Amino acid sequence: MTAIAVRVRCTLLAGMTGFFALGLSGAGAQTTIDIGLMGPFSGPWAEHGKFMRIGAEMAVEEINRQGGIKSLGGAKINLVVADTGPSVETATNAAQRLLSQGKLSAFTCCFLSSFSLAASEISERLQVPMLTFSYSDVLVRRGYKYTFRDSSGADFQVKAAADLLKKEAAKIGKTIRTAALAGDNTAASVDYFKSLAEVLPMSDIRIVLNRVWTPPLTDAIPVALAIRDANPDVIFLGATTFDDSVGIIRAFNATGVKKLALGNGAQFVTPEFFDALGPQQAEGVMTTQGTAITKDPYAAEFLKRFRERTNIRWTVHDTTSVYSHLWIVKEALEKAASADPKKLRDALASIHITTPPPTAFTGVDIQYDGAGQNPKAPTFIVQWQDGVPLLIAPGEFAVAPLKWPS
Amino acid sequence: MSLTTIFQAIVGGLLLGGVYALLAAGLTLIFGVMRVINFAQAEFMMLGMFGAYFLSTWFSIDPLLLTVPVGIVIGALGLLMAQGLLERVPRGDHNAQLILTLGVSLVLQNLALLLLGPTPRVVVRPYTNAYWSPAGLFINHARLYACVASLVIMLALYLFLTRTWTGRAMRATADDPLSAGGVGVNVRRIHVIAFMVGSGLAGLAGTLIATFNAAAPSIGNNFIIIMFLAVVLGGLGSVAGATLGAFVVGLVQSMSGLLLPLQLQNVMLFLVFVLILLVRPQGLFGFRQRV
């Protein structure tokens, strides 16, 4: 399906306020600054696009309500939304259309790593800063100057997960020696598995099975049976679509696979995932998150506002990451005192944010290294426990210990 | 590779094929009678899935009981499309018909996205997560019920096509519309009925698929290629061929996972597709002169 780029004016009120600001601060003051949001708003990953959009809209409303960008005469942020569609081709076209208009100061993108990788090439060529929470480490390994990631990538997540699982296993007298990998062949999962193949042997964990499919998976039972026969101590899951994520857990339950299972994204903790499986089948399933609701009071306050706005019981990193990105861009705009993408890029490269909102979801300062990665960004691991996804790692932010499946 | 693994793949393939058969039968019926390639068929299925989801959620009715009512509603929608749009396109202008159905497909998909949102809608019934385990095999109750219901509907379709005047008129129109018209068959009316029945079958299939797959606006994309593969494999315009083609597709998808990496599942499917068409270009049940 053709990706459709849609321009969205945030509110009429914001525009009117901007109009008056123009009159008050002189003809030179900028009234609105276009910031892009690219995500999958249609296709198999559209659920994640929905969560991203909620985060972006909440941030834009709050920033504008608090007076906009003060260093630019109170200029308001105008969210420009573009749909990546269901494939790399549609994502590339959408990025090309969105960025070639030459009006964006920055944009946040795209959930799926393969989409972010495609968009980052265009962003680099057209020199528009891109903020992302996608997992693929290739995003920050090509020497690109316009790509920024404030959350952890596949390599770091794998190391953190392996360490955590071994440590927690030791506490209860268990040892993790073998692992199985099962997931689709999207860029995030491929990178995740590549990192696992490098990191796990270093942690004395042998990979006993590797099953990769092209989504959608027609039947998850053969995969579950292969895992059951391989009998690993831990399963790393890389299913990215809703039906595959639900199907594989359903198949584990049917075939009696009761192992530690760690997914690689928000698809394992959405309310729909829980509704499809119920508390019993979802119990014990874990997933990694780039950002999370930490113990910071701002994060708890955000979750309250999110619930009031959406009637959704909990949120995932699609929302918190994009919400953070908009606030990071806001700080960079204040610092640059310009909406010019190149100046904004320089401001982002040297930014150092130590206070919420953004730090409430990463738990660490926001600061990028030369490659555009926030080197301090931790990996968050969430686990379903008694019908609620609880943060179990890193220890300093955890609200519950790891629960071993039984 | 154990014998159980092989049997599991066969059972999985047959269950898949059973549901594919219903989708393919509708598509081939429309093509056989009208010579229209209906790209909107997968979207009728998607609407059937949403129909099953909303009605079962609002009125607490089992989606399996909703199969026929939802199928009738989707069939009525097909009737509107046939009368309101397809009949206005010059007969024989295949390009216009093709673009029209493709356009309807995109409109329906995007309307669903706009009105219903991207959230996957899951029908959860006691049988959704339940499995039957005979002889070490794992058979999902929802998939089994869907396959059995699909076969019952296919039997009903067969009886309709062979035992009723309208069904026979449809077959006559498919074989030779001019001669059918000459013996008193209202060809235009039969075209509309064929489109209605074909889209209704997609709606029926949608309600069955909703018991084990989440309804989402773009779900049709996962099935449309499979539908066309089954139809072409079986022979364009042949309902029996499409049914056989659907089972071949299901079995190849399932069995290929045993021999090749899972990511090559569809490669194997297309390979078998090419091989069959090399040997029988008209498909398994197709007639050379029809194509």
# chains A, B, ... in the order shown; residues from 1 in each chain; ligands from 1
>>> residues_around(residues="Asn374 of chain A", least_positions_apart="4", cutoff="6 Å", atoms="only C-alpha atoms", output="MDAnalysis selection string")
chainID A and resid 150 367:368
>>> write_last_selection(atoms="C-alpha atoms", output="tab-separated table (two decimals), in the first residue's frame")
chain	number	residue	atom	x	y	z
A	150	ASP	CA	18.95	7.94	23.32
A	367	GLN	CA	24.03	13.02	26.02
A	368	TYR	CA	25.24	11.63	22.70
>>> closest_atom_pairs(of="chain B", to="chain A", cutoff="9 Å", atoms="only C-alpha atoms", output="CSV")
residue,atom,partner,partner_atom,distance
B:Thr5,CA,A:Pro222,CA,7.3
B:Gln8,CA,A:Pro222,CA,7.4
B:Ala9,CA,A:Pro222,CA,7.2
B:Gly12,CA,A:Asp219,CA,7.0
B:Gly13,CA,A:Asp219,CA,8.8
B:Leu16,CA,A:Thr218,CA,8.0
B:Leu106,CA,A:Met1,CA,7.4
B:Asn110,CA,A:Ser42,CA,8.3
B:Leu113,CA,A:Ser42,CA,7.1
B:Gly117,CA,A:Lys50,CA,8.3
B:Pro118,CA,A:Ala46,CA,5.2
B:Thr119,CA,A:Glu47,CA,5.1
B:Pro120,CA,A:Glu272,CA,6.9
B:Arg121,CA,A:Glu272,CA,7.5
B:Val122,CA,A:Ala276,CA,5.9
B:Val123,CA,A:Ala276,CA,7.5
B:Val124,CA,A:Ala276,CA,6.3
B:Thr128,CA,A:Ala276,CA,8.8
B:Asn129,CA,A:Arg250,CA,6.5
B:Ala130,CA,A:Ala254,CA,7.4
B:Tyr131,CA,A:Ala254,CA,6.3
B:Trp132,CA,A:Ala254,CA,8.9
B:Ser133,CA,A:Ala254,CA,9.0
B:Phe138,CA,A:Ile221,CA,7.3
B:Ile139,CA,A:Ile221,CA,8.8
B:Asn140,CA,A:Ala254,CA,8.6
B:Phe212,CA,A:Gly247,CA,8.9
B:Asn213,CA,A:Asp243,CA,6.5
B:Ala214,CA,A:Asp243,CA,6.6
B:Ala216,CA,A:Pro44,CA,7.9
B:Pro217,CA,A:Gly43,CA,7.5
B:Ser218,CA,A:Gly43,CA,5.1
B:Ile219,CA,A:Pro44,CA,7.4
B:Asn221,CA,A:Gly43,CA,8.5
B:Asn222,CA,A:Pro216,CA,7.1
B:Gly250,CA,A:Thr218,CA,9.0
B:Gln253,CA,A:Thr218,CA,7.7
B:Ser254,CA,A:Thr218,CA,7.6
B:Gly257,CA,A:Pro222,CA,8.1
B:Leu258,CA,A:Pro222,CA,8.6
B:Pro261,CA,A:Val212,CA,7.2
B:Leu262,CA,A:Trp213,CA,4.7
B:Gln263,CA,A:Trp213,CA,3.9
B:Leu264,CA,A:Trp213,CA,7.6
B:Gln265,CA,A:Thr214,CA,7.9
B:Asn266,CA,A:Thr214,CA,8.4
>>> write_last_selection(atoms="N, CA and C atoms", output="CSV table (one decimal), in the first residue's frame")
chain,number,residue,atom,x,y,z
B,5,THR,N,6.9,-35.1,13.9
B,5,THR,CA,7.1,-33.7,13.3
B,5,THR,C,6.5,-33.7,11.9
B,8,GLN,N,2.8,-33.6,12.1
B,8,GLN,CA,2.4,-32.3,12.6
B,8,GLN,C,2.3,-31.3,11.5
B,9,ALA,N,3.4,-31.4,10.6
B,9,ALA,CA,3.4,-30.5,9.4
B,9,ALA,C,2.3,-30.8,8.5
B,12,GLY,N,-0.9,-29.4,10.1
B,12,GLY,CA,-0.9,-28.0,10.1
B,12,GLY,C,-1.2,-27.5,8.7
B,13,GLY,N,-0.7,-28.1,7.7
B,13,GLY,CA,-0.9,-27.8,6.3
B,13,GLY,C,-2.3,-28.0,5.8
B,16,LEU,N,-4.5,-25.3,7.4
B,16,LEU,CA,-4.4,-24.0,6.7
B,16,LEU,C,-5.1,-24.1,5.4
B,106,LEU,N,-8.1,-0.8,-1.8
B,106,LEU,CA,-7.3,0.3,-1.0
B,106,LEU,C,-8.3,1.2,-0.2
B,110,ASN,N,-8.1,1.4,3.8
B,110,ASN,CA,-7.9,2.7,4.5
B,110,ASN,C,-9.1,3.2,5.3
B,113,LEU,N,-8.9,1.5,8.5
B,113,LEU,CA,-7.9,2.1,9.3
B,113,LEU,C,-8.3,3.4,9.9
B,117,GLY,N,-9.2,2.1,13.4
B,117,GLY,CA,-7.8,2.2,14.0
B,117,GLY,C,-7.0,1.0,13.7
B,118,PRO,N,-5.7,1.1,14.0
B,118,PRO,CA,-4.8,0.0,13.7
B,118,PRO,C,-4.7,-1.1,14.7
B,119,THR,N,-5.4,-0.9,15.9
B,119,THR,CA,-5.3,-1.9,17.0
B,119,THR,C,-5.7,-3.3,16.5
B,120,PRO,N,-4.9,-4.3,16.7
B,120,PRO,CA,-5.4,-5.6,16.4
B,120,PRO,C,-6.6,-6.1,17.3
B,121,ARG,N,-7.6,-6.5,16.7
B,121,ARG,CA,-8.8,-6.9,17.5
B,121,ARG,C,-8.8,-8.5,17.6
B,122,VAL,N,-8.8,-8.9,18.8
B,122,VAL,CA,-8.7,-10.4,19.1
B,122,VAL,C,-10.0,-10.9,19.6
B,123,VAL,N,-10.5,-12.0,19.0
B,123,VAL,CA,-11.6,-12.7,19.5
B,123,VAL,C,-11.1,-13.8,20.4
B,124,VAL,N,-11.4,-13.7,21.7
B,124,VAL,CA,-10.9,-14.7,22.6
B,124,VAL,C,-12.1,-15.6,23.0
B,128,THR,N,-9.9,-20.7,21.6
B,128,THR,CA,-8.8,-19.9,20.9
B,128,THR,C,-7.5,-20.4,21.3
B,129,ASN,N,-7.3,-20.6,22.6
B,129,ASN,CA,-6.0,-21.0,23.1
B,129,ASN,C,-5.9,-22.5,23.5
B,130,ALA,N,-7.0,-23.3,23.1
B,130,ALA,CA,-7.0,-24.7,23.5
B,130,ALA,C,-6.4,-25.6,22.4
B,131,TYR,N,-5.8,-26.6,22.8
B,131,TYR,CA,-5.2,-27.6,21.8
B,131,TYR,C,-5.6,-29.0,22.1
B,132,TRP,N,-5.8,-29.8,21.1
B,132,TRP,CA,-6.1,-31.2,21.2
B,132,TRP,C,-4.8,-31.9,20.8
B,133,SER,N,-4.5,-32.9,21.6
B,133,SER,CA,-3.2,-33.5,21.4
B,133,SER,C,-3.3,-35.0,21.2
B,138,PHE,N,-0.3,-31.5,18.0
B,138,PHE,CA,-1.0,-30.4,18.6
B,138,PHE,C,-1.9,-29.7,17.6
B,139,ILE,N,-3.2,-29.8,17.9
B,139,ILE,CA,-4.1,-29.2,17.0
B,139,ILE,C,-4.9,-28.2,17.7
B,140,ASN,N,-4.8,-27.0,17.2
B,140,ASN,CA,-5.5,-25.8,17.8
B,140,ASN,C,-7.0,-26.0,17.5
B,212,PHE,N,-8.7,-17.3,15.2
B,212,PHE,CA,-7.3,-17.6,15.6
B,212,PHE,C,-6.4,-16.5,15.1
B,213,ASN,N,-6.8,-15.5,14.4
B,213,ASN,CA,-6.0,-14.4,13.9
B,213,ASN,C,-6.6,-13.1,14.3
B,214,ALA,N,-5.8,-12.1,14.7
B,214,ALA,CA,-6.4,-10.8,15.0
B,214,ALA,C,-6.9,-10.1,13.8
B,216,ALA,N,-7.3,-6.9,11.7
B,216,ALA,CA,-6.6,-5.6,11.5
B,216,ALA,C,-6.8,-5.1,10.1
B,217,PRO,N,-6.8,-3.8,9.9
B,217,PRO,CA,-7.1,-3.3,8.5
B,217,PRO,C,-6.2,-3.9,7.4
B,218,SER,N,-5.0,-4.2,7.7
B,218,SER,CA,-4.1,-4.7,6.7
B,218,SER,C,-3.9,-6.2,6.7
B,219,ILE,N,-4.8,-6.9,7.4
B,219,ILE,CA,-4.6,-8.4,7.5
B,219,ILE,C,-4.8,-9.0,6.1
B,221,ASN,N,-3.5,-8.3,3.4
B,221,ASN,CA,-2.2,-8.4,2.7
B,221,ASN,C,-1.5,-9.8,2.9
B,222,ASN,N,-1.8,-10.4,4.1
B,222,ASN,CA,-1.2,-11.7,4.4
B,222,ASN,C,-1.8,-12.8,3.6
B,250,GLY,N,-1.3,-24.8,1.4
B,250,GLY,CA,-1.2,-25.0,2.8
B,250,GLY,C,-0.2,-26.1,3.1
B,253,GLN,N,3.4,-24.9,2.2
B,253,GLN,CA,3.9,-23.9,3.3
B,253,GLN,C,4.3,-24.6,4.5
B,254,SER,N,3.5,-25.6,4.9
B,254,SER,CA,3.8,-26.3,6.2
B,254,SER,C,5.0,-27.2,6.1
B,257,GLY,N,8.8,-26.0,5.8
B,257,GLY,CA,9.5,-25.7,7.1
B,257,GLY,C,10.3,-26.9,7.6
B,258,LEU,N,10.0,-28.1,7.1
B,258,LEU,CA,10.7,-29.3,7.6
B,258,LEU,C,12.0,-29.4,6.9
B,261,PRO,N,15.0,-23.7,5.7
B,261,PRO,CA,14.8,-22.7,6.7
B,261,PRO,C,13.4,-22.1,6.6
B,262,LEU,N,12.8,-21.7,7.7
B,262,LEU,CA,11.4,-21.2,7.7
B,262,LEU,C,11.3,-19.9,6.8
B,263,GLN,N,12.4,-19.1,6.7
B,263,GLN,CA,12.3,-17.9,5.9
B,263,GLN,C,12.1,-18.2,4.4
B,264,LEU,N,12.4,-19.4,4.0
B,264,LEU,CA,12.3,-19.8,2.6
B,264,LEU,C,10.9,-20.5,2.3
B,265,GLN,N,10.0,-20.4,3.3
B,265,GLN,CA,8.7,-21.0,3.2
B,265,GLN,C,8.0,-20.6,1.9
B,266,ASN,N,8.0,-19.3,1.7
B,266,ASN,CA,7.2,-18.8,0.5
B,266,ASN,C,8.0,-19.0,-0.8
>>> select_by_dssp(residues="segment 16-177 of chain B", states="helix (DSSP H, G or I)", output="PyMOL selection string")
chain B and resi 16-34+41-59+63-84+86-88+94-116+134-136+141-163+165-175+177
>>> closest_atom_pairs(of="segment 201-318 of chain A", to="segment 52-60 of chain A", cutoff="9 Å", atoms="only C-alpha atoms", output="JSON lines")
{"residue": "A:Arg305", "atom": "CA", "partner": "A:Met58", "partner_atom": "CA", "distance": 8.9}
{"residue": "A:Phe306", "atom": "CA", "partner": "A:Met58", "partner_atom": "CA", "distance": 8.2}
{"residue": "A:Thr310", "atom": "CA", "partner": "A:Ile54", "partner_atom": "CA", "distance": 8.4}
{"residue": "A:His317", "atom": "CA", "partner": "A:Met52", "partner_atom": "CA", "distance": 8.5}
{"residue": "A:Asp318", "atom": "CA", "partner": "A:Met52", "partner_atom": "CA", "distance": 4.9}
>>> residues_around(residues="Met154 of chain B", least_positions_apart="5", cutoff="9 Å", atoms="only C-alpha atoms", output="MDAnalysis selection string")
chainID B and resid 21:22 25 149 159 243
>>> write_last_selection(atoms="C-alpha atoms", output="compact mmCIF listing (two decimals), in the first residue's frame")
# COMPACT_ATOMS: atom_id res chain seq x y z
CA ALA B 21 -9.97 -23.11 0.22
CA LEU B 22 -12.92 -20.93 1.19
CA ALA B 25 -13.30 -20.62 -3.93
CA ALA B 149 -16.70 -25.26 9.07
CA LEU B 159 -24.56 -28.50 -3.77
CA THR B 243 -9.96 -26.05 -3.31
>>> residues_around(residues="Trp165 of chain B", least_positions_apart="4", cutoff="12 Å", atoms="only C-alpha atoms", output="list in words")
Leu159, Phe160, Leu161, Ala169, Met170, Arg171, Ala172, Gly184, Val185, Asn186 and Ile190 of chain B
>>> select_by_dssp(residues="segment 111-221 of chain A", states="strand (DSSP E or B)", output="JSON, numbers by chain")
{"A": [130, 131, 132, 147, 148, 149, 178, 179, 180, 181, 182, 183, 184, 206, 207, 208, 209, 210, 211, 212, 213]}
>>> residues_around(residues="Ser116 of chain A", least_positions_apart="5", cutoff="12 Å", atoms="only C-alpha atoms", output="PyMOL selection string")
chain A and resi 37-40+84+87-89+91-92+94-95+107-111+121-124+130-140+147-149+186-188
>>> atom_distance(atom1="atom CA of Met202 of chain A", atom2="atom CA of Pro394 of chain A")
20.6 Å
>>> atom_distance(atom1="atom CA of Ala398 of chain A", atom2="atom CA of Phe236 of chain A")
20.7 Å
>>> residues_around(residues="Cys147 of chain B", least_positions_apart="5", cutoff="10 Å", atoms="only C-alpha atoms", output="PyMOL selection string")
chain B and resi 14-22+141-142+152-153+205+208-209
>>> residues_around(residues="Gln385 of chain A", least_positions_apart="6", cutoff="8 Å", atoms="only C-alpha atoms", output="list in words")
Glu283, Gly284 and Lys403 of chain A
>>> decode(residues="segment 147-221 of chain B", atoms="C-alpha atoms", output="PDB file, in the first residue's frame")
ATOM      1  CA  CYS B 147     -11.277 -25.969   8.829  1.00  0.00           C
ATOM      2  CA  VAL B 148     -14.297 -28.198   9.481  1.00  0.00           C
ATOM      3  CA  ALA B 149     -16.703 -25.258   9.071  1.00  0.00           C
ATOM      4  CA  SER B 150     -14.932 -24.306   5.859  1.00  0.00           C
ATOM      5  CA  LEU B 151     -15.328 -27.814   4.441  1.00  0.00           C
ATOM      6  CA  VAL B 152     -19.041 -27.825   5.356  1.00  0.00           C
ATOM      7  CA  ILE B 153     -19.470 -24.482   3.563  1.00  0.00           C
ATOM      8  CA  MET B 154     -17.566 -25.832   0.554  1.00  0.00           C
ATOM      9  CA  LEU B 155     -19.943 -28.809   0.451  1.00  0.00           C
ATOM     10  CA  ALA B 156     -22.904 -26.411   0.579  1.00  0.00           C
ATOM     11  CA  LEU B 157     -21.334 -24.411  -2.254  1.00  0.00           C
ATOM     12  CA  TYR B 158     -20.902 -27.579  -4.300  1.00  0.00           C
ATOM     13  CA  LEU B 159     -24.562 -28.498  -3.772  1.00  0.00           C
ATOM     14  CA  PHE B 160     -25.594 -24.957  -4.661  1.00  0.00           C
ATOM     15  CA  LEU B 161     -23.605 -25.030  -7.890  1.00  0.00           C
ATOM     16  CA  THR B 162     -24.749 -28.495  -8.954  1.00  0.00           C
ATOM     17  CA  ARG B 163     -28.289 -28.875  -7.580  1.00  0.00           C
ATOM     18  CA  THR B 164     -29.905 -25.464  -7.925  1.00  0.00           C
ATOM     19  CA  TRP B 165     -31.060 -23.687 -11.062  1.00  0.00           C
ATOM     20  CA  THR B 166     -29.040 -20.556 -10.160  1.00  0.00           C
ATOM     21  CA  GLY B 167     -25.929 -22.629  -9.531  1.00  0.00           C
ATOM     22  CA  ARG B 168     -26.289 -24.407 -12.856  1.00  0.00           C
ATOM     23  CA  ALA B 169     -26.913 -21.075 -14.571  1.00  0.00           C
ATOM     24  CA  MET B 170     -23.676 -19.815 -13.020  1.00  0.00           C
ATOM     25  CA  ARG B 171     -21.737 -22.761 -14.379  1.00  0.00           C
ATOM     26  CA  ALA B 172     -23.348 -22.349 -17.780  1.00  0.00           C
ATOM     27  CA  THR B 173     -22.450 -18.651 -17.781  1.00  0.00           C
ATOM     28  CA  ALA B 174     -18.891 -19.517 -16.784  1.00  0.00           C
ATOM     29  CA  ASP B 175     -18.621 -22.007 -19.641  1.00  0.00           C
ATOM     30  CA  ASP B 176     -20.215 -19.894 -22.349  1.00  0.00           C
ATOM     31  CA  PRO B 177     -22.066 -16.677 -21.514  1.00  0.00           C
ATOM     32  CA  LEU B 178     -23.460 -16.281 -25.039  1.00  0.00           C
ATOM     33  CA  SER B 179     -25.052 -19.728 -25.129  1.00  0.00           C
ATOM     34  CA  ALA B 180     -26.262 -19.330 -21.541  1.00  0.00           C
ATOM     35  CA  GLY B 181     -27.973 -16.091 -22.530  1.00  0.00           C
ATOM     36  CA  GLY B 182     -29.451 -17.879 -25.550  1.00  0.00           C
ATOM     37  CA  VAL B 183     -31.212 -20.435 -23.346  1.00  0.00           C
ATOM     38  CA  GLY B 184     -32.786 -17.842 -21.123  1.00  0.00           C
ATOM     39  CA  VAL B 185     -30.161 -17.218 -18.442  1.00  0.00           C
ATOM     40  CA  ASN B 186     -30.061 -13.583 -17.365  1.00  0.00           C
ATOM     41  CA  VAL B 187     -26.271 -13.305 -17.639  1.00  0.00           C
ATOM     42  CA  ARG B 188     -26.095  -9.856 -16.075  1.00  0.00           C
ATOM     43  CA  ARG B 189     -28.062 -11.051 -13.043  1.00  0.00           C
ATOM     44  CA  ILE B 190     -25.911 -14.176 -12.756  1.00  0.00           C
ATOM     45  CA  HIS B 191     -22.776 -12.020 -12.792  1.00  0.00           C
ATOM     46  CA  VAL B 192     -24.065  -9.989  -9.878  1.00  0.00           C
ATOM     47  CA  ILE B 193     -25.089 -13.129  -7.962  1.00  0.00           C
ATOM     48  CA  ALA B 194     -21.674 -14.703  -8.574  1.00  0.00           C
ATOM     49  CA  PHE B 195     -19.949 -11.622  -7.197  1.00  0.00           C
ATOM     50  CA  MET B 196     -22.285 -11.613  -4.212  1.00  0.00           C
ATOM     51  CA  VAL B 197     -21.644 -15.291  -3.445  1.00  0.00           C
ATOM     52  CA  GLY B 198     -17.889 -14.894  -3.986  1.00  0.00           C
ATOM     53  CA  SER B 199     -17.565 -11.933  -1.651  1.00  0.00           C
ATOM     54  CA  GLY B 200     -19.911 -13.610   0.837  1.00  0.00           C
ATOM     55  CA  LEU B 201     -17.544 -16.590   0.908  1.00  0.00           C
ATOM     56  CA  ALA B 202     -14.681 -14.237   1.764  1.00  0.00           C
ATOM     57  CA  GLY B 203     -16.822 -12.823   4.600  1.00  0.00           C
ATOM     58  CA  LEU B 204     -17.539 -16.345   5.852  1.00  0.00           C
ATOM     59  CA  ALA B 205     -13.834 -17.152   5.748  1.00  0.00           C
ATOM     60  CA  GLY B 206     -13.120 -13.921   7.645  1.00  0.00           C
ATOM     61  CA  THR B 207     -15.355 -14.909  10.569  1.00  0.00           C
ATOM     62  CA  LEU B 208     -13.603 -18.279  10.774  1.00  0.00           C
ATOM     63  CA  ILE B 209     -10.108 -16.781  10.567  1.00  0.00           C
ATOM     64  CA  ALA B 210     -11.025 -14.257  13.284  1.00  0.00           C
ATOM     65  CA  THR B 211     -11.116 -17.120  15.789  1.00  0.00           C
ATOM     66  CA  PHE B 212      -7.341 -17.602  15.571  1.00  0.00           C
ATOM     67  CA  ASN B 213      -5.951 -14.439  13.895  1.00  0.00           C
ATOM     68  CA  ALA B 214      -6.350 -10.847  15.040  1.00  0.00           C
ATOM     69  CA  ALA B 215      -8.516  -8.614  12.860  1.00  0.00           C
ATOM     70  CA  ALA B 216      -6.589  -5.617  11.531  1.00  0.00           C
ATOM     71  CA  PRO B 217      -7.125  -3.324   8.522  1.00  0.00           C
ATOM     72  CA  SER B 218      -4.073  -4.670   6.698  1.00  0.00           C
ATOM     73  CA  ILE B 219      -4.646  -8.365   7.458  1.00  0.00           C
ATOM     74  CA  GLY B 220      -5.768  -8.972   3.872  1.00  0.00           C
ATOM     75  CA  ASN B 221      -2.201  -8.412   2.664  1.00  0.00           C
TER      76      ASN B 221
END
